[in-house]
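File shown: protein25.txt. Contents: compact mmCIF, C-alpha atoms.
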# COMPACT_ATOMS: atom_id res chain seq x y z
CA MET A 98 -3.24 -31.56 -1.86
CA GLU A 99 -0.69 -28.81 -1.51
CA LEU A 100 0.86 -27.02 -4.43
CA ASN A 101 4.49 -27.93 -4.85
CA ASP A 102 7.13 -25.34 -5.68
CA ALA A 103 7.14 -26.19 -9.38
CA GLU A 104 3.38 -25.77 -9.64
CA LEU A 105 3.56 -22.56 -7.71
CA ALA A 106 6.33 -21.24 -9.92
CA GLU A 107 4.33 -22.01 -13.04
CA LEU A 108 1.25 -20.27 -11.64
CA TYR A 109 3.34 -17.27 -10.67
CA ASP A 110 4.85 -17.04 -14.13
CA ARG A 111 1.42 -17.19 -15.76
CA TYR A 112 -0.56 -14.96 -13.45
CA ALA A 113 1.54 -12.74 -11.18
CA HIS A 114 2.10 -9.98 -13.73
CA VAL A 115 -1.53 -10.08 -14.87
CA LEU A 116 -2.70 -9.72 -11.30
CA PHE A 117 -0.12 -7.01 -10.61
CA HIS A 118 -1.35 -4.98 -13.58
CA ARG A 119 -4.93 -5.25 -12.39
CA CYS A 120 -4.21 -4.44 -8.72
CA ARG A 121 -2.12 -1.45 -9.72
CA ARG A 122 -5.14 0.00 -11.48
CA ILE A 123 -6.92 0.03 -8.15
CA LEU A 124 -4.07 0.81 -5.78
CA ARG A 125 -2.04 3.10 -8.06
CA ASN A 126 1.17 2.04 -6.38
CA ASP A 127 3.67 -0.60 -7.48
CA GLU A 128 4.65 -1.71 -3.99
CA ASP A 129 1.06 -2.04 -2.85
CA ALA A 130 0.18 -3.91 -6.02
CA ASN A 131 3.07 -6.27 -5.39
CA ASP A 132 1.81 -6.82 -1.85
CA ALA A 133 -1.62 -7.62 -3.27
CA VAL A 134 -0.05 -10.20 -5.58
CA GLN A 135 1.89 -11.78 -2.74
CA GLU A 136 -1.18 -11.90 -0.55
CA THR A 137 -3.27 -13.44 -3.30
CA PHE A 138 -0.72 -16.16 -3.93
CA ALA A 139 -0.52 -16.80 -0.20
CA LYS A 140 -4.25 -17.43 -0.31
CA VAL A 141 -3.77 -19.70 -3.30
CA ILE A 142 -1.37 -21.73 -1.17
CA ARG A 143 -3.73 -21.76 1.80
CA ASN A 144 -6.69 -22.76 -0.34
CA ALA A 145 -4.94 -25.08 -2.77
CA GLU A 146 -7.76 -27.58 -2.83
CA THR A 147 -10.38 -24.99 -3.72
CA PHE A 148 -8.04 -23.34 -6.16
CA ARG A 149 -7.46 -26.56 -8.06
CA GLN A 150 -11.19 -26.84 -8.70
CA GLN A 151 -11.42 -23.48 -10.45
CA SER A 152 -12.02 -23.53 -14.17
CA SER A 153 -10.50 -20.06 -14.38
CA PRO A 154 -7.72 -19.54 -11.83
CA LEU A 155 -7.42 -15.89 -12.82
CA THR A 156 -11.09 -15.26 -12.11
CA TRP A 157 -10.67 -16.75 -8.66
CA MET A 158 -7.60 -14.63 -8.04
CA TYR A 159 -9.43 -11.51 -9.19
CA ALA A 160 -12.15 -12.15 -6.67
CA ILE A 161 -9.65 -12.83 -3.89
CA SER A 162 -7.61 -9.72 -4.57
CA THR A 163 -10.59 -7.38 -4.83
CA ASN A 164 -11.34 -7.16 -1.14
CA TYR A 165 -7.66 -6.98 -0.29
CA CYS A 166 -7.23 -3.99 -2.61
CA LEU A 167 -10.31 -2.20 -1.33
CA ASN A 168 -9.24 -2.73 2.26
CA GLN A 169 -5.82 -1.33 1.46
CA VAL A 170 -7.34 1.78 -0.06
CA ARG A 171 -9.65 2.22 2.92
CA ASN A 172 -6.81 1.83 5.43
CA ARG A 173 -4.68 4.26 3.51
CA THR A 174 -7.43 6.86 3.50
CA THR A 175 -8.28 6.42 7.17
CA ARG A 176 -4.72 6.74 8.35
CA ARG A 177 -4.04 9.74 6.16
CA ASP A 178 -6.96 11.47 7.85
CA LYS A 179 -5.35 10.93 11.26
CA ARG A 180 -2.05 12.47 10.32
CA GLU A 181 -1.22 16.06 11.12
CA HIS A 182 -0.33 18.34 8.27
CA HIS A 183 2.43 20.89 8.30
CA LYS A 184 3.93 20.23 4.91
CA ALA A 185 3.43 23.77 3.65
CA GLU A 186 5.80 25.16 6.24
CA ILE A 187 8.66 22.90 5.19
CA GLY A 188 8.48 24.16 1.65
CA GLY A 189 9.60 22.51 -1.53
CA PRO A 190 7.76 19.90 -3.52
CA THR A 191 5.63 17.52 -1.53
CA VAL A 192 5.64 13.79 -1.92
CA VAL A 193 2.41 12.53 -3.37
CA GLN A 194 1.18 9.26 -4.70
CA PRO A 195 1.56 8.70 -8.45
CA GLY A 196 -1.15 10.73 -10.08
CA GLY A 197 -0.72 13.65 -7.71
CA GLU A 198 -3.66 15.21 -5.96
CA ALA A 199 -6.04 13.26 -8.13
CA THR A 200 -5.09 10.20 -6.10
CA GLU A 201 -7.06 11.54 -3.16
CA ASP A 202 -10.13 11.75 -5.33
CA HIS A 203 -9.46 8.26 -6.56
CA ALA A 204 -9.42 7.19 -2.93
CA ARG A 205 -12.48 9.29 -2.17
CA ILE A 206 -14.46 7.53 -4.83
CA LEU A 207 -13.25 4.20 -3.60
CA ALA A 208 -14.13 5.28 -0.07
CA LEU A 209 -17.74 5.53 -1.18
CA LEU A 210 -17.58 1.80 -1.49
CA ASP A 211 -16.89 1.44 2.23
CA ASP A 212 -20.54 1.89 3.05
CA ALA A 213 -21.59 -0.57 0.37
CA ASP A 214 -22.10 -4.24 0.99
CA GLU A 215 -19.49 -6.70 -0.20
CA GLU A 216 -21.40 -7.74 -3.30
CA THR A 217 -21.93 -4.15 -4.41
CA ARG A 218 -18.27 -3.38 -3.86
CA ALA A 219 -17.31 -6.31 -6.02
CA CYS A 220 -19.83 -5.35 -8.69
CA VAL A 221 -18.46 -1.81 -8.94
CA VAL A 222 -14.82 -2.86 -9.00
CA HIS A 223 -15.35 -5.51 -11.66
CA THR A 224 -17.46 -3.18 -13.75
CA TYR A 225 -15.29 -0.09 -13.65
CA PHE A 226 -11.76 -1.22 -12.88
CA ASP A 227 -11.84 -4.53 -14.68
CA GLU A 228 -14.17 -3.27 -17.39
CA CYS A 229 -16.18 -6.44 -17.13
CA THR A 230 -19.50 -6.82 -18.84
CA ARG A 231 -22.52 -7.28 -16.62
CA GLN A 232 -22.51 -10.93 -17.55
CA GLU A 233 -18.88 -11.34 -16.50
CA THR A 234 -19.50 -9.39 -13.31
CA ALA A 235 -22.51 -11.52 -12.52
CA GLU A 236 -20.42 -14.66 -12.92
CA LEU A 237 -17.60 -13.26 -10.83
CA VAL A 238 -19.85 -12.22 -7.97
CA GLY A 239 -22.35 -15.03 -8.23
CA LEU A 240 -25.40 -12.83 -8.85
CA SER A 241 -27.87 -12.53 -11.68
CA VAL A 242 -27.35 -9.90 -14.35
CA PRO A 243 -30.42 -7.89 -13.28
CA THR A 244 -29.16 -7.88 -9.71
CA VAL A 245 -25.76 -6.63 -10.84
CA ARG A 246 -27.46 -3.85 -12.77
CA LYS A 247 -29.50 -2.88 -9.75
CA ARG A 248 -26.51 -2.88 -7.41
CA ILE A 249 -24.48 -0.67 -9.73
CA ASN A 250 -27.32 1.77 -10.29
CA THR A 251 -27.93 2.06 -6.56
CA PHE A 252 -24.26 2.76 -5.99
CA LEU A 253 -24.18 5.39 -8.71
CA ASP A 254 -27.22 7.13 -7.32
CA ARG A 255 -25.56 7.35 -3.92
CA ALA A 256 -22.26 8.51 -5.41
CA ARG A 257 -24.04 11.25 -7.33
CA ARG A 258 -25.63 12.50 -4.12
CA GLN A 259 -22.39 12.43 -2.14
CA LEU A 260 -19.87 13.70 -4.66
CA GLY A 261 -19.90 17.37 -5.44
CA ALA A 262 -19.31 18.61 -8.96
CA ALA A 263 -15.77 19.68 -8.12
CA ALA A 264 -14.82 16.28 -6.82
CA VAL A 265 -16.27 14.65 -9.87
CA ALA A 266 -14.26 16.95 -12.12
CA LEU A 267 -11.03 16.14 -10.30
CA ALA A 268 -11.83 12.48 -10.37
CA LEU A 269 -11.96 12.54 -14.15
CA ALA A 270 -8.21 12.17 -14.19
CA THR A 271 -8.24 8.96 -12.25
CA LEU A 272 -11.47 7.16 -12.88
CA PRO A 273 -12.75 8.51 -16.14
CA ASP A 274 -15.46 5.98 -16.72
CA LEU A 275 -16.95 6.12 -13.27
CA ALA A 276 -16.64 9.88 -12.93
CA HIS A 277 -18.20 10.33 -16.34
CA THR A 278 -21.00 8.09 -15.34
CA ILE A 279 -21.67 10.03 -12.19
CA ARG A 280 -21.52 13.34 -14.05
CA SER A 281 -23.86 12.10 -16.73
CA LEU A 282 -26.37 11.23 -14.07
CA SER A 283 -26.07 14.60 -12.34
CA MET B 120 -29.94 5.88 -18.34
CA ASN B 121 -26.91 5.67 -20.56
CA LEU B 122 -24.11 4.05 -18.58
CA PRO B 123 -20.67 3.93 -20.21
CA ILE B 124 -19.96 0.42 -19.07
CA ASN B 125 -18.74 -2.47 -21.14
CA GLU B 126 -21.76 -3.75 -23.03
CA GLY B 127 -19.77 -6.56 -24.57
CA ASP B 128 -18.45 -4.51 -27.45
CA ARG B 129 -14.88 -4.83 -26.19
CA PRO B 130 -12.91 -7.38 -24.20
CA SER B 131 -12.74 -6.82 -20.47
CA LEU B 132 -9.48 -6.59 -18.60
CA LEU B 133 -10.29 -9.98 -17.15
CA ALA B 134 -10.72 -11.45 -20.63
CA LEU B 135 -7.42 -9.94 -21.75
CA GLY B 136 -5.75 -11.37 -18.67
CA ARG B 137 -7.16 -14.79 -19.38
CA LEU B 138 -5.96 -14.52 -22.96
CA THR B 139 -2.41 -13.50 -22.09
CA SER B 140 -2.12 -16.13 -19.37
CA GLY B 141 -3.13 -18.87 -21.77
CA GLU B 142 -6.24 -19.71 -19.83
CA LEU B 143 -8.61 -19.65 -22.78
CA ASP B 144 -9.08 -22.56 -25.13
CA GLU B 145 -8.04 -22.01 -28.74
CA ALA B 146 -11.52 -21.23 -30.03
CA ALA B 147 -12.18 -18.65 -27.34
CA ALA B 148 -8.72 -17.17 -27.76
CA SER B 149 -9.18 -16.82 -31.52
CA ALA B 150 -12.54 -15.17 -31.11
CA LEU B 151 -11.09 -12.75 -28.63
CA ARG B 152 -8.09 -11.92 -30.81
CA GLU B 153 -10.49 -10.85 -33.53
CA GLN B 154 -11.91 -8.23 -31.18
CA LEU B 155 -8.55 -6.71 -30.37
CA GLY B 156 -8.14 -3.09 -31.36
CA ASP B 157 -5.30 -0.72 -30.67
CA ALA B 158 -6.50 -0.03 -27.14
CA GLU B 159 -6.69 -3.70 -26.25
CA THR B 160 -3.30 -4.39 -27.82
CA ALA B 161 -1.83 -1.58 -25.75
CA VAL B 162 -3.31 -3.12 -22.60
CA LEU B 163 -1.80 -6.49 -23.50
CA ASP B 164 1.56 -4.76 -23.91
CA GLU B 165 1.10 -3.13 -20.50
CA ILE B 166 0.35 -6.48 -18.93
CA GLU B 167 3.43 -8.04 -20.49
CA ALA B 168 5.56 -5.10 -19.36
CA ALA B 169 4.32 -5.69 -15.82
CA ARG B 170 6.52 -8.80 -15.74
CA ARG B 171 9.43 -6.46 -15.13
CA GLN B 172 7.72 -4.79 -12.20
CA VAL B 173 6.25 -7.70 -10.35
CA ARG B 174 8.25 -9.04 -7.42
CA PRO B 175 10.38 -12.07 -8.40
CA PHE B 176 9.02 -15.48 -7.49
CA ASP B 177 10.07 -16.57 -4.02
CA ALA B 178 8.39 -19.78 -2.94
CA ALA B 179 9.73 -19.57 0.60
CA ALA B 180 8.42 -16.04 1.08
CA LEU B 181 5.01 -16.97 -0.27
CA ARG B 182 4.78 -20.03 1.94
CA ALA B 183 5.85 -18.01 4.96
CA ARG B 184 3.18 -15.46 4.17
CA ALA B 185 0.61 -18.19 3.71
CA ALA B 186 1.60 -19.78 7.00
CA SER B 187 1.33 -16.53 8.89
CA GLY B 188 -2.28 -16.18 7.82
CA GLU B 189 -1.91 -12.50 7.10
CA ALA B 190 0.33 -10.11 5.28
CA PRO B 191 3.60 -9.25 6.99
CA GLY B 192 3.79 -5.69 8.09
CA VAL B 193 4.92 -3.45 10.87
CA PRO B 194 2.36 -1.88 13.21
CA VAL B 195 2.25 1.77 12.37
CA PRO B 196 0.79 4.47 14.53
CA ALA B 197 0.67 7.33 12.04
CA ASN B 198 0.97 9.81 14.82
CA ARG B 199 2.07 8.72 18.24
CA THR B 200 0.01 11.08 20.33
CA GLY B 201 -2.82 11.26 17.88
CA SER B 202 -3.48 7.58 17.89
CA LYS B 203 -3.63 6.58 21.53
CA ALA B 204 -7.17 5.31 21.26
CA TRP B 205 -6.17 3.32 18.22
CA ALA B 206 -3.09 2.06 20.06
CA SER B 207 -5.23 0.91 23.00
CA LEU B 208 -7.45 -1.00 20.63
CA PHE B 209 -4.38 -2.52 19.05
CA VAL B 210 -3.13 -3.70 22.44
CA VAL B 211 -6.49 -5.29 23.22
CA VAL B 212 -6.51 -7.04 19.88
CA ALA B 213 -2.91 -8.13 20.24
CA VAL B 214 -3.51 -9.56 23.70
CA ALA B 215 -6.62 -11.34 22.48
CA ALA B 216 -4.69 -12.77 19.57
CA ALA B 217 -1.92 -13.96 21.87
CA VAL B 218 -4.44 -15.67 24.12
CA LEU B 219 -6.25 -17.21 21.19
CA PHE B 220 -3.16 -18.64 19.65
CA GLY B 221 -1.36 -19.41 22.89
CA VAL B 222 1.51 -17.31 21.76
CA VAL B 223 3.88 -15.59 24.10
CA VAL B 224 5.19 -12.50 22.39
CA THR B 225 8.62 -11.25 23.36
CA LEU B 226 9.11 -7.66 22.43
CA GLN B 227 12.48 -6.24 21.50
CA PRO B 228 14.86 -8.89 22.73
CA GLY B 229 18.57 -8.32 22.72
CA ALA B 230 20.33 -5.06 23.27
CA GLY B 231 19.39 -3.06 26.32
CA PRO B 232 19.35 0.71 26.73
CA GLU B 233 22.53 2.44 25.72
CA ARG B 234 23.81 5.93 26.39
CA ALA B 235 20.94 8.33 26.31
CA ASP B 236 22.59 11.24 24.55
CA ILE B 237 23.52 9.80 21.20
CA SER B 238 23.18 12.32 18.43
CA PHE B 239 24.44 11.98 14.89
CA ARG B 240 23.69 12.71 11.30
CA SER B 241 24.70 10.22 8.63
CA GLY B 242 24.43 11.39 5.06
CA ASP B 243 22.65 14.46 3.79
CA ALA B 244 19.65 12.74 2.17
CA LEU B 245 17.46 13.13 5.26
CA GLN B 246 16.58 16.38 6.99
CA LEU B 247 14.68 16.69 10.24
CA PHE B 248 12.41 19.65 10.98
CA VAL B 249 10.74 20.64 14.23
CA LEU B 250 7.56 22.64 14.54
CA ASP B 251 8.42 26.06 15.93
CA GLY B 252 5.33 28.18 16.31
CA ALA B 253 3.58 28.07 12.98
CA ARG B 254 6.41 26.72 10.86
CA LEU B 255 8.69 23.74 10.69
CA ALA B 256 12.29 24.78 11.24
CA PRO B 257 15.43 22.72 10.69
CA TRP B 258 16.34 20.76 13.80
CA ASP B 259 18.97 22.67 15.79
CA GLY B 260 20.45 19.71 17.64
CA ASP B 261 18.62 20.23 20.93
CA ALA B 262 16.93 17.35 22.70
CA LEU B 263 13.37 16.81 21.58
CA GLN B 264 10.55 16.49 24.08
CA GLU B 265 7.21 14.79 24.32
CA ASP B 266 4.65 16.47 22.05
CA ASP B 267 7.30 18.06 19.85
CA VAL B 268 6.13 17.85 16.25
CA VAL B 269 8.65 16.84 13.62
CA GLY B 270 8.65 16.58 9.85
CA PHE B 271 11.12 15.28 7.29
CA ARG B 272 12.56 16.03 3.88
CA VAL B 273 14.44 13.48 1.83
CA ASN B 274 16.55 13.68 -1.30
CA ALA B 275 14.41 12.15 -4.03
CA THR B 276 17.02 12.39 -6.75
CA GLY B 277 17.62 8.98 -8.25
CA HIS B 278 15.04 7.27 -6.05
CA ARG B 279 11.51 6.02 -6.65
CA SER B 280 10.42 5.51 -3.06
CA VAL B 281 11.45 5.77 0.54
CA VAL B 282 10.67 4.18 3.87
CA LEU B 283 11.20 6.17 7.06
CA VAL B 284 11.73 4.14 10.22
CA SER B 285 12.66 5.09 13.73
CA VAL B 286 14.91 3.07 16.02
CA ASP B 287 15.03 4.09 19.65
CA HIS B 288 17.83 3.34 22.13
CA THR B 289 16.10 0.14 23.24
CA GLY B 290 16.02 -1.17 19.69
CA HIS B 291 12.32 -0.63 19.13
CA VAL B 292 11.69 -0.13 15.41
CA GLU B 293 8.66 1.54 13.89
CA VAL B 294 7.79 2.45 10.33
CA TYR B 295 6.29 5.93 9.93
CA TRP B 296 6.31 6.35 6.18
CA PRO B 297 4.45 4.78 4.49
CA GLU B 298 1.59 5.17 6.90
CA ASP B 299 0.27 1.65 6.67
CA GLY B 300 3.71 0.08 7.12
CA ARG B 301 3.52 -1.76 3.82
CA GLY B 302 5.30 -1.13 0.56
CA SER B 303 7.04 2.21 0.46
CA GLU B 304 6.28 5.90 0.09
CA PRO B 305 6.47 6.89 -3.59
CA LEU B 306 8.77 9.77 -4.44
CA THR B 307 8.19 12.21 -7.24
CA GLY B 308 10.36 15.06 -8.39
CA SER B 309 14.00 15.52 -7.51
CA GLY B 310 16.05 17.19 -4.84
CA MET B 311 14.83 17.55 -1.28
CA VAL B 312 11.12 16.84 -1.01
CA SER B 313 8.83 16.87 2.00
CA LEU B 314 7.28 13.75 3.36
CA GLU B 315 3.61 14.41 3.75
CA GLY B 316 2.53 14.88 7.36
CA THR B 317 4.28 15.12 10.70
CA LEU B 318 4.91 13.07 13.81
CA THR B 319 4.14 14.08 17.36
CA LEU B 320 6.78 12.61 19.61
CA ASP B 321 6.02 10.48 22.63
CA ASP B 322 7.65 10.60 26.07
CA LEU B 323 10.71 8.55 25.21
CA GLN B 324 13.72 9.27 27.42
CA GLY B 325 16.93 8.46 25.61
CA SER B 326 17.79 8.63 21.95
CA GLU B 327 16.01 7.88 18.73
CA ALA B 328 17.35 7.54 15.21
CA PHE B 329 15.19 8.33 12.20
CA VAL B 330 16.36 6.42 9.15
CA ALA B 331 15.41 6.94 5.51
CA VAL B 332 15.79 3.78 3.44
CA PHE B 333 15.32 4.34 -0.26
CA ASP B 334 13.83 1.99 -2.84
CA THR B 335 13.09 -0.74 -0.32
CA ALA B 336 9.88 -2.21 1.03
CA ALA B 337 8.90 -1.31 4.58
CA HIS B 338 9.25 -4.78 6.03
CA THR B 339 12.74 -5.07 4.53
CA ALA B 340 13.79 -1.66 5.85
CA ALA B 341 12.48 -2.51 9.31
CA ALA B 342 14.33 -5.83 9.30
CA GLN B 343 17.55 -4.11 8.21
CA ALA B 344 17.17 -1.54 10.98
CA GLU B 345 16.66 -4.27 13.55
CA ARG B 346 19.76 -6.09 12.31
CA ALA B 347 21.82 -2.90 12.39
CA PHE B 348 20.75 -2.19 15.96
CA ALA B 349 21.49 -5.77 16.97
CA ASP B 350 24.98 -5.33 15.53
CA GLY B 351 25.83 -2.27 17.59
CA GLY B 352 22.94 -0.32 19.03
CA LEU B 353 22.33 3.12 17.61
CA GLN B 354 25.99 3.30 16.60
CA GLY B 355 25.29 0.18 14.58
CA VAL B 356 22.48 2.05 12.88
CA ARG B 357 24.89 4.86 12.15
CA ALA B 358 27.43 2.40 10.75
CA TRP B 359 24.73 0.90 8.54
CA ALA B 360 23.76 4.31 7.19
CA ASP B 361 27.40 5.31 6.69
CA ALA B 362 28.17 2.15 4.77
CA THR B 363 25.04 1.85 2.66
CA ALA B 364 24.07 3.89 -0.38
CA GLY B 365 20.41 4.72 -0.17
CA VAL B 366 20.30 4.89 3.63
CA ALA B 367 20.51 8.10 5.66
CA ALA B 368 19.96 8.63 9.37
CA VAL B 369 19.57 11.32 11.98
CA ALA B 370 19.76 10.46 15.67
CA VAL B 371 18.31 12.84 18.23
CA PRO B 372 18.42 12.98 22.02
CA ARG B 373 14.95 12.63 23.51
CA GLY B 374 13.37 13.71 26.75
CA GLU B 375 13.87 16.19 29.54
CA GLY B 376 17.26 16.16 31.22
CA VAL B 377 18.88 14.62 28.17
CA ARG B 378 21.86 16.61 27.00
With the file now loaded, output its structure as structure tokens.
Amino acid sequence: MELNDAELAELYDRYAHVLFHRCRRILRNDEDANDAVQETFAKVIRNAETFRQQSSPLTWMYAISTNYCLNQVRNRTTRRDKREHHKAEIGGPTVVQPGGEATEDHARILALLDDADEETRACVVHTYFDECTRQETAELVGLSVPTVRKRINTFLDRARRQLGAAAVALALATLPDLAHTIRSLS
Amino acid sequence: MNLPINEGDRPSLLALGRLTSGELDEAAASALREQLGDAETAVLDEIEAARRQVRPFDAAALRARAASGEAPGVPVPANRTGSKAWASLFVVVAVAAAVLFGVVVTLQPGAGPERADISFRSGDALQLFVLDGARLAPWDGDALQEDDVVGFRVNATGHRSVVLVSVDHTGHVEVYWPEDGRGSEPLTGSGMVSLEGTLTLDDLQGSEAFVAVFDTAAHTAAAQAERAFADGGLQGVRAWADATAGVAAVAVPRGEGVR
């Protein structure tokens, strides 16, 4: 059964700002976070029947928005790489994402997730961006706690190999927990 | 291995979200409230403050988005000559999609080509630069050719973000900043600031207007540009820029033999 406008409005009032806050942590951009919210609610509409069965609507929305956010970050990084750069010759301050140059390192760390499987990506995002416990992450992703632990450790090992010390230092400004973790393992 | 992850000694962001959205039963909510320290309280305040930043509820827009099956957006080649392979792939995908859904796509209906030598500058919040040797120099008014490289500066004072679209003399609209055609390009600082990156122009013969639309989402800016063109071609775009605070435009002649 479809959600009517009143139900949708109530859901939006309860969850949109919560979801926005969470997506902005990943995307670091208000407009992109708003797009993530809109897209998530569109999926709520499209999957109303499934959504109604959720004991925690927010948990379902977190899961839905995770891949959207990661895909946005990946697209942003890929397209930036294709663009030519002549900004220095124009002079004057250059437009950057909120957070300045550190944003690129934020994206670089997130880009490490591109090579990871979907479950690992979800494990890392829930653990470091959502600050979920392993138990919560396991429930969100549908894995056991030991499997979550293994997936995260494997990811961190790979990140430590791929990220140089300088990148880790710059990343401290954007992802302190993850960067600290990587550094502590170095 | 000592990982600084949440070992259950503090509420997760998810738990705080469930608390503030009223999703937890009273017992769980009470237990969670007892764990709240200053940091968690600050996060709850942040979440509440986000109400002012989230897009207002619009049932029709959400349903339209849901019906479309994907997020609305404008196809964006970040660099016209640098993305031909990508563009070819896009065409293949678009054709496949049209076949799959039995959709006939009509591109750019309405106004036909207009005079090919239109050139104007509306407002001073957008500056166009052209690569000259090793540096980008202010555009001198000459016609721009295929493979010319251009960059832009915009006046960031009083604005949080900008969208830069182009409208050519056939009415074709493309979003160039932000690169992915969604949201808008954040602005920091004040005064004239450079937009990161450059565009390499294609082989268009005619005229093209570059329009900076401030504090607006890309899909809205593109729709406004299309409406302005429908109202009066590139002169309609100029009229829109002249009449609207937060919109600035530069139109340039394009191609050999133009002007």
Non-local contacts of B:Ala347 (12 Å; only C-alpha atoms; under 5 positions in same chain excluded) as a list in words: Ala230, Val286, Gly290, His291, Val292, Ala328, Val330, Ala340, Ala341, Ala342, Gly352, Leu353, Gln354, Gly355, Val356, Arg357, Ala358, Trp359, Ala360, Asp361, Ala362, Thr363 and Val366 of chain B
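Reported to one decimal place, the separation of atom CA of A:Leu155 from atom CA of A:Leu116 is 7.9 Å.
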Within 9 Å of stretch 159-171 of chain A using all atoms listed in the file, minus same-chain residues under 4 positions, as a PyMOL selection string: (chain A and resi 116+119-120+123-124+129-130+133-134+136-137+140+154-155+175-176+204+207-208+210-211+215+218-219+222-223+237-238) or (chain B and resi 133+299)
Atomic distance atom CA of B:Ala179 - atom CA of A:His118, expressed in Å with one decimal: 23.2 Å
Residue contacts of B:Val173 (7 Å, all atoms listed in the file) excluding same-chain residues fewer than 3 positions away, as a ChimeraX atom specification: /A:113-114,117,131 /B:169-170
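Counting from atom CA of B:Ala186, the distance to atom CA of B:Leu283 is 27.7 Å.
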N, CA and C atoms are what I want for stretch 206-223 of chain A; can you complete it accordingly and write them as a compact mmCIF listing (two decimals), in the frame of the given file?
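Just written: out39.txt:
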# COMPACT_ATOMS: atom_id res chain seq x y z
N ILE A 206 -13.44 8.30 -4.13
CA ILE A 206 -14.46 7.53 -4.83
C ILE A 206 -14.48 6.10 -4.31
N LEU A 207 -13.28 5.56 -4.13
CA LEU A 207 -13.25 4.20 -3.60
C LEU A 207 -13.82 4.15 -2.18
N ALA A 208 -13.62 5.26 -1.44
CA ALA A 208 -14.13 5.28 -0.07
C ALA A 208 -15.65 5.20 -0.03
N LEU A 209 -16.28 5.64 -1.11
CA LEU A 209 -17.74 5.53 -1.18
C LEU A 209 -18.17 4.07 -1.10
N LEU A 210 -17.26 3.22 -1.50
CA LEU A 210 -17.58 1.80 -1.49
C LEU A 210 -17.59 1.22 -0.07
N ASP A 211 -16.97 1.97 0.87
CA ASP A 211 -16.89 1.44 2.23
C ASP A 211 -18.26 1.18 2.83
N ASP A 212 -19.20 2.04 2.47
CA ASP A 212 -20.54 1.89 3.05
C ASP A 212 -21.36 0.85 2.29
N ALA A 213 -20.82 0.39 1.18
CA ALA A 213 -21.59 -0.57 0.37
C ALA A 213 -21.35 -1.98 0.89
N ASP A 214 -22.29 -2.85 0.60
CA ASP A 214 -22.10 -4.24 0.99
C ASP A 214 -21.06 -4.89 0.07
N GLU A 215 -20.60 -6.04 0.50
CA GLU A 215 -19.49 -6.70 -0.20
C GLU A 215 -19.81 -6.99 -1.66
N GLU A 216 -21.04 -7.41 -1.92
CA GLU A 216 -21.40 -7.74 -3.30
C GLU A 216 -21.41 -6.49 -4.19
N THR A 217 -21.92 -5.39 -3.63
CA THR A 217 -21.93 -4.15 -4.41
C THR A 217 -20.50 -3.69 -4.68
N ARG A 218 -19.67 -3.76 -3.67
CA ARG A 218 -18.27 -3.38 -3.86
C ARG A 218 -17.65 -4.17 -5.00
N ALA A 219 -17.88 -5.46 -4.97
CA ALA A 219 -17.31 -6.31 -6.02
C ALA A 219 -17.90 -5.96 -7.39
N CYS A 220 -19.18 -5.71 -7.42
CA CYS A 220 -19.83 -5.35 -8.69
C CYS A 220 -19.20 -4.09 -9.28
N VAL A 221 -18.99 -3.09 -8.45
CA VAL A 221 -18.46 -1.81 -8.94
C VAL A 221 -17.02 -1.98 -9.41
N VAL A 222 -16.22 -2.68 -8.62
CA VAL A 222 -14.82 -2.86 -9.00
C VAL A 222 -14.70 -3.64 -10.31
N HIS A 223 -15.44 -4.71 -10.43
CA HIS A 223 -15.35 -5.51 -11.66
C HIS A 223 -15.88 -4.73 -12.86
